[in-house]
$ cat query.txt   # compact mmCIF, C-alpha atoms (C1' of nucleotides)
# COMPACT_ATOMS: atom_id res chain seq x y z
CA MET A 1 -14.14 13.66 -22.97
CA PRO A 2 -11.94 16.35 -21.48
CA THR A 3 -8.37 15.23 -21.91
CA ASP A 4 -7.03 18.67 -22.67
CA ASP A 5 -7.17 20.11 -19.17
CA ASP A 6 -4.14 20.27 -16.96
CA LEU A 7 -2.34 17.19 -15.81
CA ARG A 8 -3.16 17.77 -12.18
CA ALA A 9 -6.89 17.37 -12.70
CA ARG A 10 -6.36 14.53 -15.15
CA LEU A 11 -4.38 12.53 -12.63
CA VAL A 12 -7.11 12.90 -10.05
CA ARG A 13 -9.77 11.91 -12.54
CA VAL A 14 -7.84 8.92 -13.81
CA GLY A 15 -7.25 7.81 -10.24
CA ALA A 16 -10.93 8.07 -9.41
CA GLU A 17 -11.83 6.10 -12.52
CA LEU A 18 -9.25 3.46 -11.73
CA LEU A 19 -10.77 3.20 -8.29
CA ARG A 20 -14.00 1.93 -9.80
CA THR A 21 -12.33 -1.27 -10.93
CA GLU A 22 -9.27 -1.61 -8.73
CA ASN A 23 -9.24 -1.53 -4.96
CA ALA A 24 -7.66 1.18 -2.93
CA GLY A 25 -4.51 -0.76 -2.16
CA SER A 26 -3.48 -1.13 -5.78
CA LEU A 27 -3.74 2.50 -6.77
CA SER A 28 -0.10 2.88 -7.67
CA LEU A 29 1.38 6.17 -8.68
CA ARG A 30 2.96 4.66 -11.74
CA GLU A 31 -0.25 3.05 -12.93
CA ILE A 32 -2.10 6.33 -12.66
CA ALA A 33 0.69 8.02 -14.60
CA ARG A 34 0.55 5.34 -17.30
CA ARG A 35 -3.19 5.66 -17.73
CA ALA A 36 -2.82 9.40 -17.88
CA GLY A 37 -0.28 8.95 -20.65
CA VAL A 38 2.68 10.53 -18.89
CA SER A 39 5.90 9.22 -17.45
CA HIS A 40 6.10 8.01 -13.91
CA GLY A 41 7.90 11.10 -12.76
CA ALA A 42 5.38 13.57 -14.06
CA PRO A 43 2.91 13.49 -11.16
CA ARG A 44 5.66 14.67 -8.86
CA ARG A 45 5.40 18.12 -10.37
CA TYR A 46 1.93 18.46 -8.81
CA PHE A 47 1.88 15.96 -5.99
CA PRO A 48 5.08 15.72 -4.01
CA THR A 49 4.26 12.24 -2.83
CA HIS A 50 2.04 9.29 -3.53
CA LEU A 51 -0.03 10.01 -0.44
CA SER A 52 -0.76 13.53 -1.53
CA LEU A 53 -2.14 12.29 -4.83
CA LEU A 54 -4.30 9.76 -3.03
CA SER A 55 -5.47 12.53 -0.73
CA ALA A 56 -6.49 14.64 -3.70
CA ILE A 57 -8.38 11.68 -5.15
CA ALA A 58 -10.13 11.13 -1.84
CA ARG A 59 -11.02 14.79 -1.82
CA SER A 60 -12.69 14.43 -5.17
CA GLY A 61 -14.60 11.53 -3.65
CA PHE A 62 -15.90 13.78 -0.90
CA ALA A 63 -16.97 16.24 -3.55
CA ASP A 64 -18.87 13.49 -5.37
CA LEU A 65 -20.53 12.38 -2.17
CA SER A 66 -21.49 15.94 -1.43
CA ARG A 67 -23.00 16.27 -4.88
CA GLU A 68 -25.03 13.11 -4.51
CA ILE A 69 -26.35 14.17 -1.16
CA THR A 70 -27.37 17.63 -2.26
CA GLY A 71 -28.86 16.05 -5.35
CA ALA A 72 -30.95 13.73 -3.22
CA LEU A 73 -31.99 16.61 -1.01
CA ALA A 74 -33.05 18.66 -4.02
CA LEU A 75 -35.79 16.27 -5.05
CA CYS A 76 -37.26 15.65 -1.66
CA PRO A 77 -39.88 17.49 0.39
CA ALA A 78 -38.80 20.16 2.81
CA GLU A 79 -39.87 18.18 5.85
CA PRO A 80 -36.72 17.60 7.94
CA ARG A 81 -37.29 13.97 8.74
CA ALA A 82 -37.69 13.17 5.07
CA ARG A 83 -34.53 15.10 4.33
CA ILE A 84 -32.53 13.18 6.90
CA THR A 85 -33.83 9.97 5.39
CA ALA A 86 -32.76 11.13 1.95
CA LEU A 87 -29.32 12.09 3.22
CA ALA A 88 -28.86 8.76 4.94
CA GLY A 89 -29.98 6.86 1.88
CA ALA A 90 -27.62 8.79 -0.35
CA TYR A 91 -24.73 8.18 2.03
CA VAL A 92 -25.23 4.44 2.16
CA ARG A 93 -25.93 4.24 -1.56
CA PHE A 94 -22.72 6.09 -2.33
CA ALA A 95 -20.72 3.74 -0.15
CA ASP A 96 -22.31 0.79 -1.88
CA ALA A 97 -21.76 2.09 -5.40
CA ASN A 98 -18.21 3.35 -4.84
CA ARG A 99 -16.76 0.82 -2.48
CA SER A 100 -13.09 1.42 -3.14
CA MET A 101 -13.46 5.18 -3.19
CA PHE A 102 -15.41 5.14 0.02
CA GLU A 103 -12.75 3.05 1.63
CA LEU A 104 -9.99 5.32 0.45
CA MET A 105 -11.84 8.35 1.75
CA PHE A 106 -11.54 7.11 5.31
CA ARG A 107 -8.12 5.51 5.25
CA HIS A 108 -6.13 7.77 7.48
CA ASP A 109 -2.98 5.74 6.99
CA LEU A 110 -2.97 6.46 3.29
CA LEU A 111 -4.25 9.94 3.49
CA GLN A 112 -1.92 12.24 5.41
CA SER A 113 -5.12 13.57 6.80
CA GLY A 114 -4.03 17.14 7.13
CA TYR A 115 -3.26 17.50 3.46
CA LEU A 116 -5.53 19.92 1.67
CA GLY A 117 -7.76 19.96 4.70
CA LEU A 118 -8.98 16.51 3.87
CA ARG A 119 -10.38 15.83 7.28
CA GLU A 120 -12.34 19.03 7.06
CA SER A 121 -14.00 17.90 3.84
CA SER A 122 -16.67 16.13 5.80
CA LEU A 123 -17.44 19.03 8.09
CA PRO A 124 -20.07 20.71 5.88
CA LEU A 125 -21.87 17.40 5.66
CA PHE A 126 -21.85 17.12 9.42
CA ARG A 127 -23.08 20.64 9.92
CA LEU A 128 -25.91 19.99 7.53
CA LEU A 129 -26.85 16.94 9.54
CA VAL A 130 -26.74 18.92 12.77
CA ASP A 131 -29.08 21.51 11.29
CA LEU A 132 -31.49 18.92 10.01
CA VAL A 133 -31.52 17.13 13.33
CA SER A 134 -32.20 20.21 15.38
CA GLU A 135 -34.88 21.18 12.93
CA ALA A 136 -36.50 17.78 13.01
CA ARG A 137 -36.39 17.45 16.77
CA PRO A 138 -35.90 20.77 18.50
CA ASP A 139 -37.10 19.11 21.69
CA LEU A 140 -34.31 16.58 22.06
CA PRO A 141 -32.76 16.40 25.51
CA ARG A 142 -29.23 16.22 24.14
CA ALA A 143 -27.29 18.73 22.14
CA PRO A 144 -28.03 18.23 18.45
CA GLU A 145 -24.32 17.72 17.82
CA VAL A 146 -24.39 14.61 19.93
CA THR A 147 -27.41 13.17 18.20
CA ALA A 148 -26.01 14.09 14.82
CA GLY A 149 -22.66 12.51 15.71
CA ALA A 150 -24.35 9.33 16.86
CA LEU A 151 -26.46 9.29 13.72
CA TRP A 152 -23.50 9.81 11.48
CA SER A 153 -21.59 7.09 13.30
CA ALA A 154 -24.43 4.70 12.66
CA LEU A 155 -24.64 5.61 8.99
CA HIS A 156 -20.92 5.33 8.52
CA GLY A 157 -20.57 2.11 10.45
CA MET A 158 -23.38 0.54 8.54
CA ALA A 159 -21.83 1.54 5.24
CA GLN A 160 -18.51 0.12 6.37
CA LEU A 161 -19.87 -3.13 7.73
CA ARG A 162 -21.91 -3.62 4.59
CA ASN A 163 -18.85 -2.86 2.52
CA TRP A 164 -17.08 -5.57 4.42
CA GLY A 165 -19.97 -7.98 4.08
CA THR A 166 -20.27 -8.70 7.76
CA LEU A 167 -23.68 -7.22 8.24
CA GLN A 168 -25.17 -9.27 5.44
CA LEU A 169 -23.44 -12.38 6.72
CA ALA A 170 -24.52 -11.85 10.30
CA THR A 171 -28.11 -10.94 9.67
CA GLY A 172 -28.77 -12.60 6.35
CA ALA A 173 -30.31 -9.38 5.08
CA SER A 174 -28.84 -7.68 2.05
CA ASP A 175 -31.26 -4.77 2.01
CA PRO A 176 -30.00 -1.85 4.07
CA ALA A 177 -33.48 -0.34 4.41
CA PRO A 178 -34.57 -2.04 7.65
CA PHE A 179 -31.36 -1.02 9.39
CA LEU A 180 -31.65 2.50 8.13
CA ALA A 181 -35.22 2.67 9.38
CA ALA A 182 -34.18 1.31 12.75
CA ILE A 183 -31.39 3.85 13.05
CA LEU A 184 -33.53 6.80 12.08
CA ASP A 185 -36.42 5.73 14.27
CA ALA A 186 -34.13 5.18 17.20
CA HIS A 187 -32.53 8.59 17.02
CA LEU A 188 -35.44 10.64 15.81
CA GLY A 189 -38.24 8.75 17.46
CA GLY A 190 -41.07 6.63 16.07
CA THR A 191 -42.15 7.10 12.50
CA GLY A 192 -43.31 10.63 13.07
CA MET B 1 9.07 -14.29 26.53
CA PRO B 2 8.08 -17.23 24.36
CA THR B 3 10.42 -17.25 21.41
CA ASP B 4 10.70 -21.01 21.25
CA ASP B 5 7.33 -21.79 19.77
CA ASP B 6 6.85 -22.43 16.10
CA LEU B 7 7.55 -19.82 13.51
CA ARG B 8 3.96 -19.57 12.42
CA ALA B 9 2.78 -18.25 15.76
CA ARG B 10 5.86 -16.11 16.15
CA LEU B 11 5.22 -14.34 12.87
CA VAL B 12 1.67 -13.52 13.88
CA ARG B 13 2.80 -12.26 17.26
CA VAL B 14 5.60 -10.15 15.81
CA GLY B 15 3.17 -8.69 13.31
CA ALA B 16 0.70 -7.78 16.01
CA GLU B 17 3.44 -6.17 18.07
CA LEU B 18 4.70 -4.25 15.08
CA LEU B 19 1.19 -3.03 14.53
CA ARG B 20 1.30 -1.18 17.83
CA THR B 21 3.92 1.22 16.50
CA GLU B 22 3.58 1.06 12.72
CA ASN B 23 0.40 1.59 10.77
CA ALA B 24 -1.33 -1.10 8.82
CA GLY B 25 0.03 -0.01 5.47
CA SER B 26 3.65 -0.53 6.41
CA LEU B 27 3.37 -4.04 7.73
CA SER B 28 5.71 -5.56 5.20
CA LEU B 29 6.34 -9.23 4.98
CA ARG B 30 10.07 -8.71 5.00
CA GLU B 31 10.01 -6.51 8.06
CA ILE B 32 8.03 -9.08 9.99
CA ALA B 33 10.49 -11.74 8.92
CA ARG B 34 13.43 -9.60 10.00
CA ARG B 35 11.97 -8.95 13.43
CA ALA B 36 11.24 -12.61 13.77
CA GLY B 37 14.87 -13.33 12.98
CA VAL B 38 14.33 -15.35 9.84
CA SER B 39 14.98 -14.76 6.17
CA HIS B 40 12.43 -13.07 3.98
CA GLY B 41 11.43 -16.30 2.34
CA ALA B 42 10.70 -18.19 5.53
CA PRO B 43 7.12 -17.00 6.11
CA ARG B 44 6.14 -18.47 2.79
CA ARG B 45 6.35 -21.93 4.32
CA TYR B 46 3.32 -21.08 6.48
CA PHE B 47 1.61 -18.24 4.70
CA PRO B 48 1.49 -18.58 0.94
CA THR B 49 1.07 -14.87 0.48
CA HIS B 50 1.43 -11.58 2.25
CA LEU B 51 -2.31 -11.20 2.52
CA SER B 52 -2.71 -14.52 4.24
CA LEU B 53 -0.24 -13.49 6.92
CA LEU B 54 -2.07 -10.21 7.41
CA SER B 55 -5.31 -12.13 7.66
CA ALA B 56 -3.86 -14.32 10.37
CA ILE B 57 -2.70 -11.23 12.25
CA ALA B 58 -6.15 -9.69 11.93
CA ARG B 59 -7.61 -12.89 13.26
CA SER B 60 -5.46 -12.63 16.32
CA GLY B 61 -6.82 -9.12 16.69
CA PHE B 62 -10.36 -10.44 16.72
CA ALA B 63 -9.32 -12.90 19.39
CA ASP B 64 -7.90 -10.05 21.48
CA LEU B 65 -11.06 -8.02 21.06
CA SER B 66 -13.10 -11.01 22.06
CA ARG B 67 -11.00 -11.45 25.17
CA GLU B 68 -11.37 -7.84 26.17
CA ILE B 69 -15.11 -7.93 25.72
CA THR B 70 -15.62 -11.11 27.70
CA GLY B 71 -13.27 -9.67 30.30
CA ALA B 72 -15.39 -6.56 30.59
CA LEU B 73 -18.54 -8.65 30.77
CA ALA B 74 -17.08 -10.76 33.53
CA LEU B 75 -16.82 -7.90 36.01
CA CYS B 76 -20.19 -6.36 35.38
CA PRO B 77 -23.64 -7.07 36.80
CA ALA B 78 -25.90 -9.51 35.06
CA GLU B 79 -28.40 -6.86 34.07
CA PRO B 80 -28.53 -6.87 30.25
CA ARG B 81 -28.47 -3.13 29.74
CA ALA B 82 -25.34 -2.84 31.84
CA ARG B 83 -23.77 -5.68 29.90
CA ILE B 84 -24.49 -4.00 26.59
CA THR B 85 -22.93 -0.83 27.94
CA ALA B 86 -19.86 -2.76 29.00
CA LEU B 87 -19.60 -4.43 25.61
CA ALA B 88 -19.91 -1.13 23.81
CA GLY B 89 -17.33 0.50 26.02
CA ALA B 90 -14.89 -2.33 25.50
CA TYR B 91 -15.37 -2.20 21.75
CA VAL B 92 -14.67 1.50 21.49
CA ARG B 93 -11.82 1.30 23.96
CA PHE B 94 -10.19 -1.48 21.97
CA ALA B 95 -10.44 0.53 18.77
CA ASP B 96 -8.90 3.50 20.53
CA ALA B 97 -6.06 1.57 22.09
CA ASN B 98 -5.22 -0.54 19.03
CA ARG B 99 -5.82 1.81 16.17
CA SER B 100 -3.74 0.13 13.51
CA MET B 101 -4.91 -3.33 14.48
CA PHE B 102 -8.52 -2.23 14.44
CA GLU B 103 -8.05 -0.76 11.04
CA LEU B 104 -6.38 -3.88 9.70
CA MET B 105 -9.20 -6.01 11.07
CA PHE B 106 -11.70 -4.36 8.78
CA ARG B 107 -9.62 -3.84 5.67
CA HIS B 108 -11.29 -6.12 3.20
CA ASP B 109 -8.91 -5.13 0.44
CA LEU B 110 -5.94 -6.45 2.36
CA LEU B 111 -7.60 -9.35 3.95
CA GLN B 112 -8.77 -11.84 1.34
CA SER B 113 -11.77 -11.95 3.51
CA GLY B 114 -12.50 -15.59 3.06
CA TYR B 115 -9.16 -16.73 4.37
CA LEU B 116 -9.42 -18.68 7.62
CA GLY B 117 -13.02 -17.58 7.91
CA LEU B 118 -11.90 -14.12 8.84
CA ARG B 119 -15.23 -12.56 8.14
CA GLU B 120 -16.82 -15.08 10.42
CA SER B 121 -14.59 -14.07 13.29
CA SER B 122 -16.98 -11.34 14.26
CA LEU B 123 -20.06 -13.53 14.19
CA PRO B 124 -19.89 -14.72 17.82
CA LEU B 125 -19.63 -11.13 18.90
CA PHE B 126 -22.71 -10.27 16.91
CA ARG B 127 -24.66 -13.20 18.25
CA LEU B 128 -23.80 -12.17 21.76
CA LEU B 129 -25.09 -8.71 21.03
CA VAL B 130 -28.30 -10.10 19.58
CA ASP B 131 -28.86 -12.15 22.70
CA LEU B 132 -28.20 -9.23 25.00
CA VAL B 133 -30.51 -7.00 23.02
CA SER B 134 -33.39 -9.40 23.02
CA GLU B 135 -32.85 -9.98 26.70
CA ALA B 136 -32.76 -6.29 27.47
CA ARG B 137 -35.77 -5.41 25.39
CA PRO B 138 -37.90 -8.42 24.59
CA ASP B 139 -40.70 -6.04 23.69
CA LEU B 140 -39.01 -4.35 20.76
CA PRO B 141 -41.15 -4.04 17.63
CA ARG B 142 -38.28 -5.04 15.35
CA ALA B 143 -36.38 -8.29 15.16
CA PRO B 144 -33.48 -8.20 17.61
CA GLU B 145 -31.08 -8.84 14.73
CA VAL B 146 -32.05 -5.54 13.20
CA THR B 147 -31.60 -3.61 16.42
CA ALA B 148 -28.35 -5.41 17.13
CA GLY B 149 -27.11 -4.69 13.62
CA ALA B 150 -27.99 -1.04 13.93
CA LEU B 151 -26.31 -0.91 17.32
CA TRP B 152 -23.19 -2.58 16.07
CA SER B 153 -23.10 -0.24 13.09
CA ALA B 154 -23.21 2.72 15.45
CA LEU B 155 -20.46 1.33 17.64
CA HIS B 156 -18.29 0.48 14.71
CA GLY B 157 -18.85 3.73 12.91
CA MET B 158 -18.09 5.70 16.01
CA ALA B 159 -14.88 3.80 16.56
CA GLN B 160 -13.90 4.40 12.96
CA LEU B 161 -14.76 8.07 12.88
CA ARG B 162 -12.94 8.61 16.15
CA ASN B 163 -9.99 6.70 14.76
CA TRP B 164 -10.01 9.11 11.88
CA GLY B 165 -10.41 12.12 14.09
CA THR B 166 -13.46 13.47 12.33
CA LEU B 167 -15.86 13.08 15.17
CA GLN B 168 -13.64 14.98 17.56
CA LEU B 169 -13.05 17.67 14.95
CA ALA B 170 -16.70 18.03 14.09
CA THR B 171 -18.09 18.04 17.59
CA GLY B 172 -15.14 19.28 19.59
CA ALA B 173 -15.68 16.47 22.05
CA SER B 174 -12.92 13.96 22.65
CA ASP B 175 -14.82 11.87 25.16
CA PRO B 176 -16.77 9.07 23.51
CA ALA B 177 -19.09 8.67 26.51
CA PRO B 178 -21.86 11.09 25.48
CA PHE B 179 -22.10 9.53 22.05
CA LEU B 180 -22.16 6.06 23.50
CA ALA B 181 -24.91 7.09 25.87
CA ALA B 182 -26.89 8.64 23.05
CA ILE B 183 -26.55 5.52 20.94
CA LEU B 184 -27.54 3.14 23.71
CA ASP B 185 -30.42 5.31 24.85
CA ALA B 186 -31.67 5.65 21.31
CA HIS B 187 -31.73 1.96 20.60
CA LEU B 188 -32.63 0.61 24.01
CA GLY B 189 -34.79 3.43 25.22
CA GLY B 190 -34.39 6.00 28.00
CA THR B 191 -32.00 5.30 30.82
CA GLY B 192 -34.01 2.38 32.09
C1' DC C 1 24.57 -46.09 6.31
C1' DG C 2 21.70 -43.73 2.74
C1' DG C 3 17.91 -41.31 1.16
C1' DC C 4 14.50 -38.07 2.05
C1' DC C 5 11.80 -34.51 3.50
C1' DG C 6 10.35 -30.53 6.49
C1' DG C 7 11.98 -26.03 7.19
C1' DG C 8 14.88 -22.33 6.36
C1' DT C 9 18.39 -19.57 3.12
C1' DA C 10 19.65 -16.83 -0.76
C1' DG C 11 19.22 -14.98 -5.12
C1' DA C 12 16.44 -13.49 -8.96
C1' DC C 13 12.55 -10.92 -11.03
C1' DA C 14 9.15 -7.47 -11.76
C1' DC C 15 7.28 -3.76 -9.58
C1' DT C 16 6.84 0.23 -6.48
C1' DG C 17 7.85 5.26 -4.57
C1' DT C 18 11.28 8.68 -4.46
C1' DC C 19 15.17 11.39 -6.08
C1' DT C 20 18.09 13.53 -9.53
C1' DA C 21 19.84 15.04 -13.80
C1' DC C 22 18.54 16.10 -18.16
C1' DG C 23 15.67 17.99 -22.30
C1' DC C 24 12.29 20.59 -24.57
C1' DT C 25 9.42 24.50 -25.45
C1' DG C 26 7.40 28.85 -25.26
C1' DG C 27 7.29 33.58 -23.61
C1' DG C 28 9.45 37.85 -21.83
C1' DC C 29 13.36 40.93 -21.62
C1' DT C 30 17.14 43.63 -23.45
C1' DA D 1 16.27 39.48 -33.21
C1' DG D 2 18.57 36.88 -29.87
C1' DC D 3 18.81 34.99 -25.47
C1' DC D 4 17.64 33.09 -21.34
C1' DC D 5 14.97 31.18 -18.14
C1' DA D 6 11.07 29.11 -15.87
C1' DG D 7 7.70 25.48 -16.38
C1' DC D 8 6.77 20.88 -17.59
C1' DG D 9 7.75 16.42 -18.63
C1' DT D 10 11.32 12.41 -19.57
C1' DA D 11 14.52 8.90 -18.20
C1' DG D 12 17.44 6.60 -15.30
C1' DA D 13 18.97 5.28 -10.77
C1' DC D 14 18.18 3.48 -6.08
C1' DA D 15 16.30 1.07 -2.16
C1' DG D 16 12.61 -1.62 -0.83
C1' DT D 17 8.70 -4.90 -1.67
C1' DG D 18 6.11 -9.55 -2.76
C1' DT D 19 6.66 -13.68 -5.14
C1' DC D 20 9.10 -17.52 -7.22
C1' DT D 21 12.81 -20.81 -7.54
C1' DA D 22 16.82 -23.38 -6.63
C1' DC D 23 19.50 -24.81 -2.98
C1' DC D 24 21.08 -26.52 1.65
C1' DC D 25 21.12 -28.72 6.02
C1' DG D 26 19.80 -31.58 9.89
C1' DG D 27 17.05 -35.23 11.81
C1' DC D 28 14.31 -39.08 10.84
C1' DC D 29 13.04 -43.76 8.93
C1' DG D 30 14.10 -47.90 6.51
$ encode --input "query.txt" --output "structure tokens"
Amino acid sequence: MPTDDDLRARLVRVGAELLRTENAGSLSLREIARRAGVSHGAPRRYFPTHLSLLSAIARSGFADLSREITGALALCPAEPRARITALAGAYVRFADANRSMFELMFRHDLLQSGYLGLRESSLPLFRLLVDLVSEARPDLPRAPEVTAGALWSALHGMAQLRNWGTLQLATGASDPAPFLAAILDAHLGGTG
Amino acid sequence: MPTDDDLRARLVRVGAELLRTENAGSLSLREIARRAGVSHGAPRRYFPTHLSLLSAIARSGFADLSREITGALALCPAEPRARITALAGAYVRFADANRSMFELMFRHDLLQSGYLGLRESSLPLFRLLVDLVSEARPDLPRAPEVTAGALWSALHGMAQLRNWGTLQLATGASDPAPFLAAILDAHLGGTG
DNA sequence: CGGCCGGGTAGACACTGTCTACGCTGGGCT
DNA sequence: AGCCCAGCGTAGACAGTGTCTACCCGGCCG
């Protein structure tokens, strides 16, 4: 239980923990400060504004997501299609397991998106996807960036709609697997 | 300029207008009341809580989206593939043109999603998409709900990622058309 | 005419984010 | 040694917010 590190990191960690029980809207600066055991003015030393603290928390969320994805890729065969499947599964699973964090991570109104290069946090993920796509299907008629962008859109939208509950309500299916399979098959072709 | 209708409708309209310049996070109850020319306690007569007012505003957003989509479908040939393309274009265009409203519409943390059947507001849209899909490709191996869900996920995710700016940043393309084409081709097959 | 009730006002309360002035504490310099 | 200062955190103020409550006023019905 590392409580002896610097306040900056502690605030981010406390915020991320709080995000597992509270929703993104109720992540108040003062509450984070309280749980971190400091006064409400203390965070200001490290984060000039509420939004910048939230941005740092979101950034830690991207790091977690990155970890989960690389973790899933580690224990999966080298075949590109299987790797894309693993990546997609990890993405959707993360969104399911960390609903509030996932929502915060893509809330540009809360996030002063330029701060700390937050928007860029997802670029490595995208590049990885581009590589996997062009490896899996070097024969695609479109640029791999386009296919990868479409694929990512589908993953992200599915995570979001599931997070909102609409997809389950509309289709009656709570298992994301069929949709994932449909998306991957559609963009990468068949089951091969 | 209808300012003579009841306060309930006026509040929703003022909120929607405000949402064209402010972002979803700063849609305060008191500000809406001010712009509507009433005291800060007045909305409470019609909306017991801030969230319920926001939900009503989001609902009006779904109505607008619905209008735009049916409008786009009206001036488009009866061929199903073309109609799906029109629907998709209208969806993404709406998200682009009404960024804050689009974001509010899918903010489950703000929206007490059960209120006024908000979640259900998107069901007709989905059913329409299911019908169009099964009409366009009656030979698909999967249930049309699955394909429609995957398609909707892709549309929605693309709108969201574009709203956030990531897709443009990652791919360098600001035109949604190639991605839309890729998505539609992937799920509906070729250009036929 | 009198009561009443829908619909709006105004003030209070706890809470928030931000700003500012103030302490403490430890380390480096003369 | 003595001092001073920068770094770090505290505490209070301020405007603004959502919610709650008491009040008020005008039009309606009996």
$ closest_atom_pairs --input "query.txt" --of "chain D" --to "chain A" --cutoff "8 Å" --atoms "all atoms listed in the file" --output "CSV"
residue,atom,partner,partner_atom,distance
D:DC8,C1',A:Arg45,CA,7.9
D:DG9,C1',A:Ala42,CA,5.9
D:DT10,C1',A:Ser39,CA,6.6
$ interface_residues --input "query.txt" --of "chain A" --to "chain C" --cutoff "8 Å" --atoms "all atoms listed in the file" --output "compact mmCIF listing (two decimals) with C-alpha atoms, in the coordinates of the input"
# COMPACT_ATOMS: atom_id res chain seq x y z
CA SER A 28 -0.10 2.88 -7.67
CA LEU A 29 1.38 6.17 -8.68
CA ARG A 30 2.96 4.66 -11.74
CA HIS A 50 2.04 9.29 -3.53
$ interface_residues --input "query.txt" --of "chain A" --to "chain B" --cutoff "9 Å" --atoms "all atoms listed in the file" --output "number ranges by chain"
A: 23-25, 100, 103, 106-110, 113, 119-120, 122-123, 126-127, 142, 145-147, 149-161, 163-167, 169-171, 178-180, 182-183, 185-189
$ residues_around --input "query.txt" --residues "A:Leu54" --least-positions-apart "3" --cutoff "9 Å" --atoms "all atoms listed in the file" --output "ChimeraX atom specification"
/A:12,15,27,29,49-51,57-59,104,110-111
$ atom_distance --input "query.txt" --atom1 "atom CA of B:Ser55" --atom2 "atom CA of B:Ala72"
25.7 Å
$ atom_distance --input "query.txt" --atom1 "atom C1' of D:DG12" --atom2 "atom CA of A:Gly37"
18.7 Å
$ atom_distance --input "query.txt" --atom1 "atom CA of B:Ala95" --atom2 "atom CA of B:Leu75"
20.2 Å
$ build_atoms --input "query.txt" --residues "stretch 127-139 of chain B" --atoms "N, CA and C atoms" --output "PDB file, keeping the file's coordinate frame"
ATOM      1  N   ARG B 127     -23.628 -12.364  17.638  1.00  0.00           N
ATOM      2  CA  ARG B 127     -24.660 -13.200  18.250  1.00  0.00           C
ATOM      3  C   ARG B 127     -24.845 -12.845  19.716  1.00  0.00           C
ATOM      4  N   LEU B 128     -23.733 -12.596  20.365  1.00  0.00           N
ATOM      5  CA  LEU B 128     -23.800 -12.170  21.760  1.00  0.00           C
ATOM      6  C   LEU B 128     -24.623 -10.899  21.883  1.00  0.00           C
ATOM      7  N   LEU B 129     -24.361  -9.976  20.983  1.00  0.00           N
ATOM      8  CA  LEU B 129     -25.090  -8.710  21.030  1.00  0.00           C
ATOM      9  C   LEU B 129     -26.576  -8.922  20.785  1.00  0.00           C
ATOM     10  N   VAL B 130     -26.895  -9.804  19.842  1.00  0.00           N
ATOM     11  CA  VAL B 130     -28.300 -10.100  19.580  1.00  0.00           C
ATOM     12  C   VAL B 130     -28.969 -10.651  20.838  1.00  0.00           C
ATOM     13  N   ASP B 131     -28.288 -11.573  21.489  1.00  0.00           N
ATOM     14  CA  ASP B 131     -28.860 -12.150  22.700  1.00  0.00           C
ATOM     15  C   ASP B 131     -29.087 -11.082  23.768  1.00  0.00           C
ATOM     16  N   LEU B 132     -28.077 -10.257  23.971  1.00  0.00           N
ATOM     17  CA  LEU B 132     -28.200  -9.230  25.000  1.00  0.00           C
ATOM     18  C   LEU B 132     -29.344  -8.277  24.684  1.00  0.00           C
ATOM     19  N   VAL B 133     -29.452  -7.933  23.404  1.00  0.00           N
ATOM     20  CA  VAL B 133     -30.510  -7.000  23.020  1.00  0.00           C
ATOM     21  C   VAL B 133     -31.888  -7.603  23.278  1.00  0.00           C
ATOM     22  N   SER B 134     -32.059  -8.826  22.855  1.00  0.00           N
ATOM     23  CA  SER B 134     -33.390  -9.400  23.020  1.00  0.00           C
ATOM     24  C   SER B 134     -33.695  -9.677  24.485  1.00  0.00           C
ATOM     25  N   GLU B 135     -32.641  -9.804  25.269  1.00  0.00           N
ATOM     26  CA  GLU B 135     -32.850  -9.980  26.700  1.00  0.00           C
ATOM     27  C   GLU B 135     -33.203  -8.637  27.359  1.00  0.00           C
ATOM     28  N   ALA B 136     -32.527  -7.595  26.878  1.00  0.00           N
ATOM     29  CA  ALA B 136     -32.760  -6.290  27.470  1.00  0.00           C
ATOM     30  C   ALA B 136     -34.124  -5.732  27.085  1.00  0.00           C
ATOM     31  N   ARG B 137     -34.496  -5.938  25.854  1.00  0.00           N
ATOM     32  CA  ARG B 137     -35.770  -5.410  25.390  1.00  0.00           C
ATOM     33  C   ARG B 137     -36.549  -6.454  24.609  1.00  0.00           C
ATOM     34  N   PRO B 138     -37.147  -7.374  25.313  1.00  0.00           N
ATOM     35  CA  PRO B 138     -37.900  -8.420  24.590  1.00  0.00           C
ATOM     36  C   PRO B 138     -39.142  -7.865  23.909  1.00  0.00           C
ATOM     37  N   ASP B 139     -39.471  -6.614  24.205  1.00  0.00           N
ATOM     38  CA  ASP B 139     -40.700  -6.040  23.690  1.00  0.00           C
ATOM     39  C   ASP B 139     -40.488  -5.184  22.443  1.00  0.00           C
TER      40      ASP B 139
END
